[in-house]
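Peer 1: For reference, the file my_file33.tsv (TSV, C-alpha atoms) is included below:
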```tsv
chain	number	residue	atom	x	y	z
A	1	MET	CA	6.12	-18.13	15.21
A	2	PRO	CA	3.27	-20.42	16.38
A	3	LEU	CA	0.70	-21.31	13.72
A	4	LEU	CA	-2.94	-22.27	13.97
A	5	PRO	CA	-4.81	-23.84	11.05
A	6	ALA	CA	-7.83	-21.98	9.82
A	7	SER	CA	-11.18	-23.71	10.34
A	8	PRO	CA	-14.48	-23.26	8.48
A	9	PRO	CA	-15.92	-19.73	8.79
A	10	PRO	CA	-18.73	-19.44	11.35
A	11	LEU	CA	-20.34	-16.25	10.12
A	12	SER	CA	-20.22	-14.57	6.74
A	13	LEU	CA	-21.16	-11.10	5.56
A	14	SER	CA	-22.23	-12.52	2.19
A	15	ARG	CA	-24.35	-15.19	3.89
A	16	SER	CA	-25.85	-12.54	6.14
A	17	LEU	CA	-26.78	-10.45	3.12
A	18	ALA	CA	-28.34	-13.45	1.40
A	19	ALA	CA	-30.29	-14.44	4.51
A	20	ALA	CA	-31.50	-10.91	5.05
A	21	ALA	CA	-32.66	-10.71	1.45
A	22	ALA	CA	-34.55	-14.01	1.73
A	23	ALA	CA	-36.19	-12.97	4.99
A	24	SER	CA	-37.17	-9.66	3.48
A	25	ARG	CA	-38.84	-11.41	0.56
A	26	ARG	CA	-40.84	-13.49	3.03
A	27	GLY	CA	-41.89	-10.32	4.83
A	28	ARG	CA	-40.24	-11.22	8.11
A	29	ALA	CA	-37.47	-8.63	8.09
A	30	VAL	CA	-37.51	-4.89	8.30
A	31	THR	CA	-35.53	-3.61	5.34
A	32	CYS	CA	-32.88	-0.96	5.63
A	33	ALA	CA	-35.03	1.48	3.69
A	34	ALA	CA	-38.04	0.95	5.97
A	35	ALA	CA	-35.94	1.26	9.10
A	36	ARG	CA	-34.48	4.62	8.19
A	37	GLY	CA	-37.51	6.32	9.69
A	38	ALA	CA	-36.31	5.12	13.08
A	39	ALA	CA	-32.75	6.32	12.51
A	40	SER	CA	-31.41	9.48	14.05
A	41	SER	CA	-32.01	12.77	12.27
A	42	SER	CA	-28.29	13.07	11.57
A	43	SER	CA	-28.17	9.76	9.70
A	44	ALA	CA	-31.51	10.41	8.02
A	45	SER	CA	-30.18	13.64	6.51
A	46	PHE	CA	-26.77	12.21	5.70
A	47	ASP	CA	-25.64	12.92	2.12
A	48	ALA	CA	-24.37	9.46	1.24
A	49	ALA	CA	-23.81	10.28	-2.44
A	50	GLY	CA	-21.85	13.41	-1.60
A	51	PHE	CA	-19.75	11.62	1.01
A	52	GLU	CA	-18.91	8.79	-1.38
A	53	ALA	CA	-18.06	11.20	-4.20
A	54	GLU	CA	-15.67	13.10	-1.93
A	55	ARG	CA	-14.15	9.85	-0.64
A	56	LEU	CA	-13.52	8.61	-4.16
A	57	ARG	CA	-12.03	11.97	-5.17
A	58	LEU	CA	-9.64	11.92	-2.23
A	59	ASP	CA	-8.81	8.28	-2.93
A	60	ALA	CA	-7.90	9.01	-6.55
A	61	GLU	CA	-5.92	12.06	-5.49
A	62	ALA	CA	-3.98	10.16	-2.85
A	63	ARG	CA	-3.29	7.19	-5.11
A	64	ALA	CA	-1.90	9.55	-7.74
A	65	GLY	CA	0.39	11.01	-5.11
A	66	MET	CA	1.56	7.57	-3.97
A	67	ALA	CA	2.24	6.52	-7.55
A	68	SER	CA	4.32	9.66	-8.03
A	69	ALA	CA	6.22	9.05	-4.79
A	70	ALA	CA	6.88	5.44	-5.77
A	71	ALA	CA	8.19	6.49	-9.18
A	72	VAL	CA	10.54	9.05	-7.62
A	73	ALA	CA	11.79	6.53	-5.05
A	74	GLY	CA	12.34	3.91	-7.74
A	75	ALA	CA	14.33	6.34	-9.87
A	76	GLU	CA	16.56	7.41	-6.99
A	77	ALA	CA	18.50	4.52	-5.51
A	78	ALA	CA	19.52	6.68	-2.55
A	79	ASP	CA	15.90	7.35	-1.56
A	80	PRO	CA	15.46	5.89	1.95
A	81	LYS	CA	11.93	4.74	1.06
A	82	ALA	CA	12.91	2.93	-2.15
A	83	TRP	CA	13.11	-0.50	-0.50
A	84	LYS	CA	9.57	-0.16	0.87
A	85	TRP	CA	8.15	0.69	-2.54
A	86	ALA	CA	10.00	-2.24	-4.12
A	87	ILE	CA	8.38	-4.70	-1.69
A	88	ARG	CA	4.95	-3.12	-2.09
A	89	LYS	CA	5.12	-3.28	-5.89
A	90	ARG	CA	6.23	-6.91	-5.80
A	91	VAL	CA	3.27	-7.87	-3.61
A	92	TRP	CA	0.74	-5.83	-5.59
A	93	ASP	CA	2.03	-7.30	-8.85
A	94	ALA	CA	1.87	-10.85	-7.46
A	95	LEU	CA	-1.72	-10.48	-6.24
A	96	GLU	CA	-2.82	-9.24	-9.66
A	97	ALA	CA	-0.74	-11.72	-11.68
A	98	GLU	CA	-1.81	-14.77	-9.68
A	99	GLY	CA	-5.51	-13.97	-9.79
A	100	VAL	CA	-6.16	-13.43	-6.09
A	101	ALA	CA	-6.72	-9.65	-6.24
A	102	ARG	CA	-10.31	-8.51	-5.76
A	103	ASP	CA	-12.15	-5.21	-6.24
A	104	PRO	CA	-11.42	-2.40	-5.96
A	105	ARG	CA	-8.90	-2.93	-8.74
A	106	PRO	CA	-6.15	-2.47	-9.49
A	107	VAL	CA	-4.90	-3.16	-5.99
A	108	HIS	CA	-1.77	-1.05	-6.51
A	109	HIS	CA	-1.49	1.85	-4.04
A	110	ARG	CA	-4.26	0.39	-1.88
A	111	ILE	CA	-4.59	-1.92	1.09
A	112	PRO	CA	-5.25	-4.77	-1.35
A	113	ASN	CA	-8.48	-6.70	-1.30
A	114	PHE	CA	-8.00	-10.41	-1.91
A	115	ASP	CA	-9.71	-13.73	-2.43
A	116	GLY	CA	-10.28	-15.23	1.00
A	117	ALA	CA	-10.49	-11.93	2.91
A	118	ALA	CA	-13.66	-13.11	4.67
A	119	ALA	CA	-11.99	-16.41	5.64
A	120	ALA	CA	-9.04	-14.52	7.12
A	121	ALA	CA	-11.45	-12.33	9.07
A	122	ASP	CA	-13.36	-15.37	10.34
A	123	SER	CA	-10.10	-16.88	11.59
A	124	LEU	CA	-9.56	-13.69	13.56
A	125	GLY	CA	-13.13	-13.85	14.83
A	126	ARG	CA	-12.45	-17.21	16.50
A	127	LEU	CA	-9.45	-15.97	18.49
A	128	ASP	CA	-9.84	-15.29	22.21
A	129	VAL	CA	-8.29	-11.85	21.77
A	130	PHE	CA	-11.20	-10.91	19.48
A	131	GLN	CA	-13.95	-12.70	21.37
A	132	ASP	CA	-12.87	-11.11	24.66
A	133	ALA	CA	-12.61	-7.59	23.20
A	134	GLN	CA	-15.39	-5.10	23.92
A	135	CYS	CA	-14.09	-2.37	21.60
A	136	VAL	CA	-12.24	-3.09	18.35
A	137	LYS	CA	-10.57	-0.49	16.15
A	138	VAL	CA	-10.68	-1.57	12.49
A	139	ASN	CA	-9.34	0.20	9.41
A	140	PRO	CA	-11.92	1.21	6.77
A	141	ASP	CA	-10.47	-0.77	3.82
A	142	SER	CA	-12.28	-3.39	1.73
A	143	PRO	CA	-10.42	-6.54	2.89
A	144	GLN	CA	-11.35	-5.80	6.52
A	145	LYS	CA	-15.08	-5.37	5.81
A	146	GLN	CA	-15.85	-8.80	7.26
A	147	VAL	CA	-13.92	-7.90	10.42
A	148	ARG	CA	-16.13	-4.85	10.87
A	149	PHE	CA	-19.19	-7.04	10.29
A	150	LEU	CA	-18.09	-9.58	12.90
A	151	THR	CA	-17.41	-6.77	15.38
A	152	LEU	CA	-20.89	-5.29	15.05
A	153	SER	CA	-22.60	-8.69	14.82
A	154	GLY	CA	-20.86	-9.72	18.03
A	155	ASP	CA	-22.35	-6.73	19.91
A	156	LYS	CA	-18.94	-5.12	20.21
A	157	LYS	CA	-18.11	-1.45	19.87
A	158	LEU	CA	-16.52	-0.65	16.49
A	159	LEU	CA	-14.08	2.24	16.22
A	160	THR	CA	-13.22	3.11	12.64
A	161	PRO	CA	-11.47	6.16	11.15
A	162	GLN	CA	-12.92	8.38	8.50
A	163	PRO	CA	-10.99	7.63	5.27
A	164	ARG	CA	-7.60	9.33	5.36
A	165	LEU	CA	-8.76	11.37	8.39
A	166	ARG	CA	-9.51	14.28	6.06
A	167	THR	CA	-13.28	14.32	6.54
A	168	GLY	CA	-13.22	13.81	10.30
A	169	PHE	CA	-11.61	11.65	12.94
A	170	PHE	CA	-13.02	8.39	14.31
A	171	SER	CA	-16.58	7.12	14.32
A	172	VAL	CA	-17.97	4.78	16.99
A	173	LEU	CA	-20.63	2.28	15.98
A	174	GLU	CA	-22.65	-0.17	18.05
A	175	SER	CA	-25.35	-2.54	16.85
A	176	HIS	CA	-28.12	-0.71	18.77
A	177	MET	CA	-27.32	2.47	16.81
A	178	ILE	CA	-27.98	0.80	13.46
A	179	PRO	CA	-31.44	0.19	11.97
A	180	ILE	CA	-32.50	-3.44	11.56
A	181	GLY	CA	-31.00	-4.93	8.41
A	182	CYS	CA	-28.44	-2.14	7.98
A	183	VAL	CA	-25.38	-3.70	9.63
A	184	PRO	CA	-23.84	-4.67	6.24
A	185	GLU	CA	-24.22	-1.06	5.08
A	186	ALA	CA	-22.69	0.18	8.34
A	187	CYS	CA	-19.57	-1.85	7.50
A	188	THR	CA	-18.83	0.43	4.53
A	189	SER	CA	-17.14	3.83	4.75
A	190	VAL	CA	-20.39	5.56	3.81
A	191	GLY	CA	-22.38	3.54	6.34
A	192	ALA	CA	-19.89	4.16	9.13
A	193	ALA	CA	-20.15	7.90	8.57
A	194	LYS	CA	-23.92	7.69	8.26
A	195	TYR	CA	-24.72	5.63	11.35
A	196	GLY	CA	-21.63	6.21	13.48
A	197	ARG	CA	-21.14	8.72	16.26
A	198	PRO	CA	-18.18	11.03	15.58
A	199	ILE	CA	-15.76	11.40	18.47
A	200	GLY	CA	-13.08	13.91	19.31
A	201	LEU	CA	-9.76	13.93	21.11
A	202	ASP	CA	-11.47	14.21	24.51
A	203	GLU	CA	-13.41	10.96	24.12
A	204	LYS	CA	-12.78	8.49	26.94
A	205	ILE	CA	-12.66	5.17	25.16
A	206	LYS	CA	-10.65	2.01	25.78
A	207	VAL	CA	-9.69	0.05	22.69
A	208	ASP	CA	-9.11	-3.64	23.41
A	209	LEU	CA	-7.87	-4.72	19.97
A	210	ILE	CA	-6.54	-3.04	16.84
A	211	VAL	CA	-7.09	-4.56	13.40
A	212	ILE	CA	-4.91	-3.02	10.74
A	213	GLY	CA	-4.64	-3.45	6.98
A	214	SER	CA	-1.30	-4.28	5.35
A	215	VAL	CA	0.36	-4.55	1.97
A	216	ALA	CA	3.16	-6.80	3.21
A	217	VAL	CA	4.03	-8.35	6.56
A	218	ASP	CA	6.92	-10.46	7.82
A	219	PRO	CA	5.65	-13.35	9.99
A	220	SER	CA	9.05	-13.90	11.58
A	221	THR	CA	9.31	-10.38	13.04
A	222	GLY	CA	5.88	-8.75	12.85
A	223	ALA	CA	7.28	-5.99	10.63
A	224	ARG	CA	4.57	-4.47	8.44
A	225	LEU	CA	4.26	-2.22	5.41
A	226	GLY	CA	1.08	-0.28	4.65
A	227	LYS	CA	0.28	1.42	1.37
A	228	GLY	CA	2.66	4.29	2.03
A	229	GLU	CA	0.54	7.16	3.35
A	230	GLY	CA	1.18	6.69	7.07
A	231	PHE	CA	-2.42	6.98	8.25
A	232	ALA	CA	-2.33	3.78	10.30
A	233	GLU	CA	0.64	5.23	12.19
A	234	LEU	CA	-1.12	8.57	12.73
A	235	GLU	CA	-4.28	6.85	13.96
A	236	TYR	CA	-2.22	4.73	16.34
A	237	GLY	CA	-0.33	7.77	17.62
A	238	MET	CA	-3.52	9.72	18.31
A	239	LEU	CA	-5.04	6.79	20.20
A	240	ARG	CA	-1.88	6.68	22.32
A	241	TYR	CA	-2.29	10.41	23.06
A	242	MET	CA	-5.94	9.81	24.08
A	243	GLY	CA	-4.89	7.02	26.45
A	244	SER	CA	-7.10	4.56	24.57
A	245	ILE	CA	-4.33	2.03	23.93
A	246	SER	CA	-0.99	0.97	25.36
A	247	ASP	CA	1.96	-1.25	24.46
A	248	SER	CA	-0.09	-4.25	25.58
A	249	THR	CA	-2.92	-3.59	23.10
A	250	MET	CA	-2.71	-6.37	20.53
A	251	ILE	CA	-2.41	-5.47	16.84
A	252	VAL	CA	-3.74	-7.90	14.23
A	253	THR	CA	-3.63	-7.82	10.44
A	254	THR	CA	-5.63	-9.88	7.94
A	255	VAL	CA	-3.81	-10.58	4.68
A	256	HIS	CA	-3.48	-13.14	1.89
A	257	ASP	CA	-0.70	-15.70	2.24
A	258	LYS	CA	1.00	-14.10	-0.77
A	259	GLN	CA	1.41	-10.92	1.26
A	260	LEU	CA	3.76	-12.72	3.66
A	261	VAL	CA	7.37	-11.70	3.00
A	262	ASN	CA	10.74	-12.34	4.62
A	263	ASP	CA	12.75	-9.32	3.50
A	264	ILE	CA	11.52	-6.35	5.55
A	265	PRO	CA	14.72	-5.12	7.24
A	266	VAL	CA	13.78	-4.36	10.84
A	267	GLU	CA	16.81	-2.11	11.22
A	268	LYS	CA	15.42	0.19	8.50
A	269	LEU	CA	12.00	0.63	10.08
A	270	LEU	CA	11.20	4.08	11.44
A	271	VAL	CA	10.18	4.89	15.00
A	272	HIS	CA	6.54	5.42	13.97
A	273	ASP	CA	6.16	2.16	12.00
A	274	VAL	CA	3.52	-0.08	13.62
A	275	PRO	CA	4.33	-3.81	14.01
A	276	VAL	CA	1.75	-6.59	14.31
A	277	ASP	CA	1.31	-9.25	16.98
A	278	ILE	CA	-0.95	-11.61	15.02
A	279	ILE	CA	-1.37	-12.34	11.31
A	280	CYS	CA	-4.56	-13.99	10.03
A	281	THR	CA	-4.62	-15.35	6.46
A	282	PRO	CA	-7.22	-17.55	4.74
A	283	THR	CA	-5.18	-20.64	5.73
A	284	GLN	CA	-3.39	-19.89	9.00
A	285	VAL	CA	-3.04	-17.78	12.13
A	286	ILE	CA	0.48	-16.64	13.01
A	287	PHE	CA	1.58	-15.26	16.37
A	288	THR	CA	4.66	-13.19	15.54
A	289	ASN	CA	5.92	-12.61	19.11
A	290	THR	CA	7.25	-9.34	17.75
A	291	THR	CA	9.97	-7.54	19.64
A	292	ILE	CA	9.65	-4.37	17.53
A	293	ALA	CA	8.83	-1.40	19.75
A	294	LYS	CA	5.38	0.09	19.27
A	295	PRO	CA	5.11	3.85	18.64
A	296	GLN	CA	4.50	6.01	21.70
A	297	GLY	CA	2.54	8.80	20.00
A	298	ILE	CA	2.80	11.23	17.10
A	299	TYR	CA	6.36	11.91	15.95
A	300	TRP	CA	5.96	15.48	14.85
A	301	GLU	CA	9.51	15.70	13.51
A	302	LYS	CA	8.50	13.09	10.90
A	303	LEU	CA	5.26	14.81	9.89
A	304	SER	CA	5.48	17.07	6.85
A	305	PRO	CA	3.73	20.47	6.86
A	306	GLU	CA	1.80	19.33	3.78
A	307	LYS	CA	0.43	16.25	5.52
A	308	LEU	CA	-0.39	18.30	8.62
A	309	GLY	CA	-2.22	20.80	6.43
A	310	GLN	CA	-4.48	18.07	5.05
A	311	ILE	CA	-5.67	16.66	8.40
A	312	ARG	CA	-7.72	18.98	10.61
A	313	ILE	CA	-7.69	16.71	13.65
A	314	LEU	CA	-3.88	16.69	13.64
A	315	GLN	CA	-3.83	20.48	13.48
A	316	GLU	CA	-6.16	20.56	16.49
A	317	LEU	CA	-3.96	18.11	18.38
A	318	LYS	CA	-0.82	20.12	17.61
A	319	ARG	CA	-2.41	23.36	18.82
A	320	ARG	CA	-3.62	21.63	21.97
A	321	ILE	CA	-0.24	20.16	22.87
A	322	GLU	CA	1.56	23.44	22.15
A	323	SER	CA	-0.95	25.30	24.33
A	324	GLU	CA	-0.66	22.78	27.15
A	325	THR	CA	3.14	22.67	27.11
A	326	GLY	CA	3.93	26.22	26.07
A	327	THR	CA	6.35	24.90	23.44
A	328	THR	CA	6.41	24.78	19.66
A	329	LEU	CA	6.39	21.27	18.28
A	330	PRO	CA	8.92	20.39	15.58
A	331	CYS	CA	7.92	19.86	11.98
A	332	GLY	CA	9.15	17.26	9.52
A	333	PRO	CA	10.66	17.78	6.09
A	334	SER	CA	8.48	19.04	3.27
A	335	GLU	CA	6.97	16.59	0.79
A	336	LYS	CA	5.53	17.11	-2.67
A	337	LEU	CA	1.76	17.07	-2.85
A	338	PRO	CA	-0.01	15.29	-5.73
A	339	PRO	CA	-0.59	17.72	-8.64
A	340	THR	CA	-4.38	17.42	-8.18
A	341	ALA	CA	-4.11	18.48	-4.55
A	342	GLN	CA	-1.92	21.45	-5.46
A	343	ARG	CA	-4.42	22.64	-8.09
A	344	ARG	CA	-7.34	22.38	-5.67
A	345	ARG	CA	-5.51	24.30	-2.97
A	346	ARG	CA	-4.67	27.12	-5.40
A	347	LYS	CA	-8.29	27.32	-6.54
A	348	ARG	CA	-9.53	27.66	-2.97
A	349	ARG	CA	-7.22	30.62	-2.39
A	350	ARG	CA	-8.74	32.63	-5.23
```
Turn the structure described in the file into structure tokens.
Peer 2:
Amino acid sequence: MPLLPASPPPLSLSRSLAAAAAASRRGRAVTCAAARGAASSSSASFDAAGFEAERLRLDAEARAGMASAAAVAGAEAADPKAWKWAIRKRVWDALEAEGVARDPRPVHHRIPNFDGAAAAADSLGRLDVFQDAQCVKVNPDSPQKQVRFLTLSGDKKLLTPQPRLRTGFFSVLESHMIPIGCVPEACTSVGAAKYGRPIGLDEKIKVDLIVIGSVAVDPSTGARLGKGEGFAELEYGMLRYMGSISDSTMIVTTVHDKQLVNDIPVEKLLVHDVPVDIICTPTQVIFTNTTIAKPQGIYWEKLSPEKLGQIRILQELKRRIESETGTTLPCGPSEKLPPTAQRRRRKRRR
């Protein structure tokens, strides 16, 4: 488990915002608002308010479902997911109690944002594996915002998923696609959807590095826990299907030191759980030398019909594979949807 000390951050999103604001006041920068006239018609007509409202609705709906699942798992000792929820809750509680949690709050049932997230990202930005990468896939969560900024600022291709994959699939962003002064906005979920180019399953794209959010991670094994929805695993599986990544594609997570744990039982991990090769915190870089096997694709026998019904791109992929192979793919056990999701689905049927 080799460690590298973190050194002072070379580039900061907050400093970039401050510099851009100062330059704008001096009249030497083109503001984001002024540059929109040069943006594509698709981004110019993008309904940012509507997108954000829908994202927040889905976020609240999903977090309610995760809270319900956690409560059920906690009440049933025999639940195979109970140990995961116990570790997640311990980490979320610790981040809040020790004052290192940052907005959006509370951090429970989220990839938690934390004090020092930018420093952890900057440590990643100094690694050869990041500097040599031409295309980086980064999750859309708040603590990885600086990673997305460094990717675009370094003239790399950024691949980022639409939140929870329910409003689309992946978006590709490159600095030349973004109006002058708008890179910080492009690092948000709204900005990625606004300025990014949506791609489909037929896109030929090679991903050189994956950056993934975590709730807890074990530095001795590379075992990782997300927030409990499984989207990181689905995204990884679809990229494997597209041929965009392989076993050799490095996986990095940026977390707070208090998210490092030593009690994730590797023998209880599932076949679709994604391990990490490198952990970057505000104070250190850890190479896990993980021996945990990486997923080889989508494990349909683990995917519930409810989850499949929520994600259009997965439905498309399932139909495509069944058509190509002439077989019917298996389906996983049913799971209970959040009450809000059930009500909305009933209303749409009327």
Peer 1: Can you tell me, as a ChimeraX atom specification, what residues are no more than 12 Å from A:Phe231 when counting all atoms listed in the file, ignoring any on the same chain fewer than 2 positions away?
Peer 2: /A:62,111,139-140,161-166,169,212-214,225-229,233-238,272-274,298,303,307-308,310-311,314
Peer 1: For atom CA of A:Lys81 and atom CA of A:Asp93, determine how far apart the two atoms are, in Å to one decimal place.
Peer 2: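 It comes out at 18.5 Å.
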Peer 1: Looking at all atoms listed in the file, which of A:Arg148, A:Pro143, A:Arg102, A:Leu209 is the one that sits closest to A:Gln131?
Peer 2: A:Leu209
Peer 1: Show me as a list in words the residues that reach within 6 Å of (5.8, -1.7, -1.0), counting only C-alpha atoms and using the file's own coordinates.
Peer 2: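 Applying the cut-off with only C-alpha atoms, one gets Lys84, Trp85, Ala86, Ile87, Arg88 and Lys89 of chain A.
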Peer 1: Please report the interatomic distance between atom CA of A:Gly200 and atom CA of A:Met177 in Å with one decimal.
Peer 2: 18.4 Å
Peer 1: Counting all atoms listed in the file, what is within 7 Å of stretch 275-282 of chain A, bar same-chain residues fewer than 2 positions away, as a PyMOL selection string?
Peer 2: chain A and resi 6+116-117+119-120+123-124+222-224+250-257+273+284-290+292+294
Peer 1: Atom CA of A:Ala186 and atom CA of A:Gly309 are how many Å apart?
Peer 2: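 Atom CA of A:Gly309 lies at a distance of 29.1 Å from atom CA of A:Ala186.
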Peer 1: Starting from the incomplete input, reconstruct all heavy atoms of stretch 147-156 of chain A and report them as a PDB file, in the frame of the given file.
Peer 2:
```pdb
ATOM      1  N   VAL A 147     -14.306  -8.121   9.025  1.00  0.00           N
ATOM      2  CA  VAL A 147     -13.920  -7.900  10.420  1.00  0.00           C
ATOM      3  C   VAL A 147     -14.877  -6.897  11.070  1.00  0.00           C
ATOM      4  O   VAL A 147     -15.320  -7.075  12.214  1.00  0.00           O
ATOM      5  CB  VAL A 147     -12.468  -7.393  10.529  1.00  0.00           C
ATOM      6  CG1 VAL A 147     -12.095  -7.168  11.997  1.00  0.00           C
ATOM      7  CG2 VAL A 147     -11.500  -8.364   9.890  1.00  0.00           C
ATOM      8  N   ARG A 148     -15.196  -5.842  10.341  1.00  0.00           N
ATOM      9  CA  ARG A 148     -16.130  -4.850  10.870  1.00  0.00           C
ATOM     10  C   ARG A 148     -17.514  -5.483  11.086  1.00  0.00           C
ATOM     11  O   ARG A 148     -18.198  -5.203  12.081  1.00  0.00           O
ATOM     12  CB  ARG A 148     -16.218  -3.646   9.925  1.00  0.00           C
ATOM     13  CG  ARG A 148     -14.883  -2.912   9.774  1.00  0.00           C
ATOM     14  CD  ARG A 148     -15.014  -1.598   9.042  1.00  0.00           C
ATOM     15  NE  ARG A 148     -15.357  -1.717   7.638  1.00  0.00           N
ATOM     16  CZ  ARG A 148     -14.499  -1.931   6.653  1.00  0.00           C
ATOM     17  NH1 ARG A 148     -13.199  -2.085   6.928  1.00  0.00           N
ATOM     18  NH2 ARG A 148     -14.891  -1.999   5.399  1.00  0.00           N
ATOM     19  N   PHE A 149     -17.912  -6.348  10.164  1.00  0.00           N
ATOM     20  CA  PHE A 149     -19.190  -7.040  10.290  1.00  0.00           C
ATOM     21  C   PHE A 149     -19.212  -7.934  11.538  1.00  0.00           C
ATOM     22  O   PHE A 149     -20.179  -7.941  12.306  1.00  0.00           O
ATOM     23  CB  PHE A 149     -19.471  -7.861   9.035  1.00  0.00           C
ATOM     24  CG  PHE A 149     -20.714  -8.699   9.107  1.00  0.00           C
ATOM     25  CD1 PHE A 149     -21.963  -8.115   8.996  1.00  0.00           C
ATOM     26  CD2 PHE A 149     -20.635 -10.066   9.296  1.00  0.00           C
ATOM     27  CE1 PHE A 149     -23.118  -8.882   9.075  1.00  0.00           C
ATOM     28  CE2 PHE A 149     -21.781 -10.838   9.380  1.00  0.00           C
ATOM     29  CZ  PHE A 149     -23.028 -10.249   9.264  1.00  0.00           C
ATOM     30  N   LEU A 150     -18.157  -8.698  11.736  1.00  0.00           N
ATOM     31  CA  LEU A 150     -18.090  -9.580  12.900  1.00  0.00           C
ATOM     32  C   LEU A 150     -18.096  -8.781  14.207  1.00  0.00           C
ATOM     33  O   LEU A 150     -18.668  -9.212  15.211  1.00  0.00           O
ATOM     34  CB  LEU A 150     -16.830 -10.447  12.833  1.00  0.00           C
ATOM     35  CG  LEU A 150     -16.785 -11.502  11.716  1.00  0.00           C
ATOM     36  CD1 LEU A 150     -15.436 -12.208  11.723  1.00  0.00           C
ATOM     37  CD2 LEU A 150     -17.916 -12.496  11.857  1.00  0.00           C
ATOM     38  N   THR A 151     -17.448  -7.617  14.183  1.00  0.00           N
ATOM     39  CA  THR A 151     -17.410  -6.770  15.380  1.00  0.00           C
ATOM     40  C   THR A 151     -18.818  -6.309  15.752  1.00  0.00           C
ATOM     41  O   THR A 151     -19.237  -6.430  16.906  1.00  0.00           O
ATOM     42  CB  THR A 151     -16.498  -5.554  15.131  1.00  0.00           C
ATOM     43  OG1 THR A 151     -15.177  -6.015  14.824  1.00  0.00           O
ATOM     44  CG2 THR A 151     -16.442  -4.647  16.348  1.00  0.00           C
ATOM     45  N   LEU A 152     -19.543  -5.780  14.770  1.00  0.00           N
ATOM     46  CA  LEU A 152     -20.890  -5.290  15.050  1.00  0.00           C
ATOM     47  C   LEU A 152     -21.854  -6.445  15.336  1.00  0.00           C
ATOM     48  O   LEU A 152     -22.719  -6.340  16.212  1.00  0.00           O
ATOM     49  CB  LEU A 152     -21.395  -4.450  13.867  1.00  0.00           C
ATOM     50  CG  LEU A 152     -20.691  -3.107  13.675  1.00  0.00           C
ATOM     51  CD1 LEU A 152     -21.152  -2.435  12.384  1.00  0.00           C
ATOM     52  CD2 LEU A 152     -20.944  -2.188  14.861  1.00  0.00           C
ATOM     53  N   SER A 153     -21.717  -7.542  14.607  1.00  0.00           N
ATOM     54  CA  SER A 153     -22.600  -8.690  14.820  1.00  0.00           C
ATOM     55  C   SER A 153     -22.374  -9.337  16.180  1.00  0.00           C
ATOM     56  O   SER A 153     -23.265  -9.993  16.724  1.00  0.00           O
ATOM     57  CB  SER A 153     -22.386  -9.737  13.715  1.00  0.00           C
ATOM     58  OG  SER A 153     -22.685  -9.199  12.453  1.00  0.00           O
ATOM     59  N   GLY A 154     -21.173  -9.164  16.722  1.00  0.00           N
ATOM     60  CA  GLY A 154     -20.860  -9.720  18.030  1.00  0.00           C
ATOM     61  C   GLY A 154     -21.172  -8.774  19.172  1.00  0.00           C
ATOM     62  O   GLY A 154     -20.694  -8.984  20.297  1.00  0.00           O
ATOM     63  N   ASP A 155     -21.962  -7.713  18.887  1.00  0.00           N
ATOM     64  CA  ASP A 155     -22.350  -6.730  19.910  1.00  0.00           C
ATOM     65  C   ASP A 155     -21.144  -6.060  20.544  1.00  0.00           C
ATOM     66  O   ASP A 155     -21.133  -5.754  21.741  1.00  0.00           O
ATOM     67  CB  ASP A 155     -23.236  -7.365  20.979  1.00  0.00           C
ATOM     68  CG  ASP A 155     -24.623  -7.710  20.453  1.00  0.00           C
ATOM     69  OD1 ASP A 155     -25.111  -6.977  19.576  1.00  0.00           O
ATOM     70  OD2 ASP A 155     -25.203  -8.712  20.914  1.00  0.00           O
ATOM     71  N   LYS A 156     -20.111  -5.852  19.745  1.00  0.00           N
ATOM     72  CA  LYS A 156     -18.940  -5.120  20.210  1.00  0.00           C
ATOM     73  C   LYS A 156     -19.000  -3.687  19.695  1.00  0.00           C
ATOM     74  O   LYS A 156     -19.721  -3.377  18.747  1.00  0.00           O
ATOM     75  CB  LYS A 156     -17.662  -5.794  19.695  1.00  0.00           C
ATOM     76  CG  LYS A 156     -17.507  -7.246  20.123  1.00  0.00           C
ATOM     77  CD  LYS A 156     -16.243  -7.849  19.531  1.00  0.00           C
ATOM     78  CE  LYS A 156     -16.175  -9.344  19.786  1.00  0.00           C
ATOM     79  NZ  LYS A 156     -16.095  -9.649  21.225  1.00  0.00           N
TER      80      LYS A 156
END
```
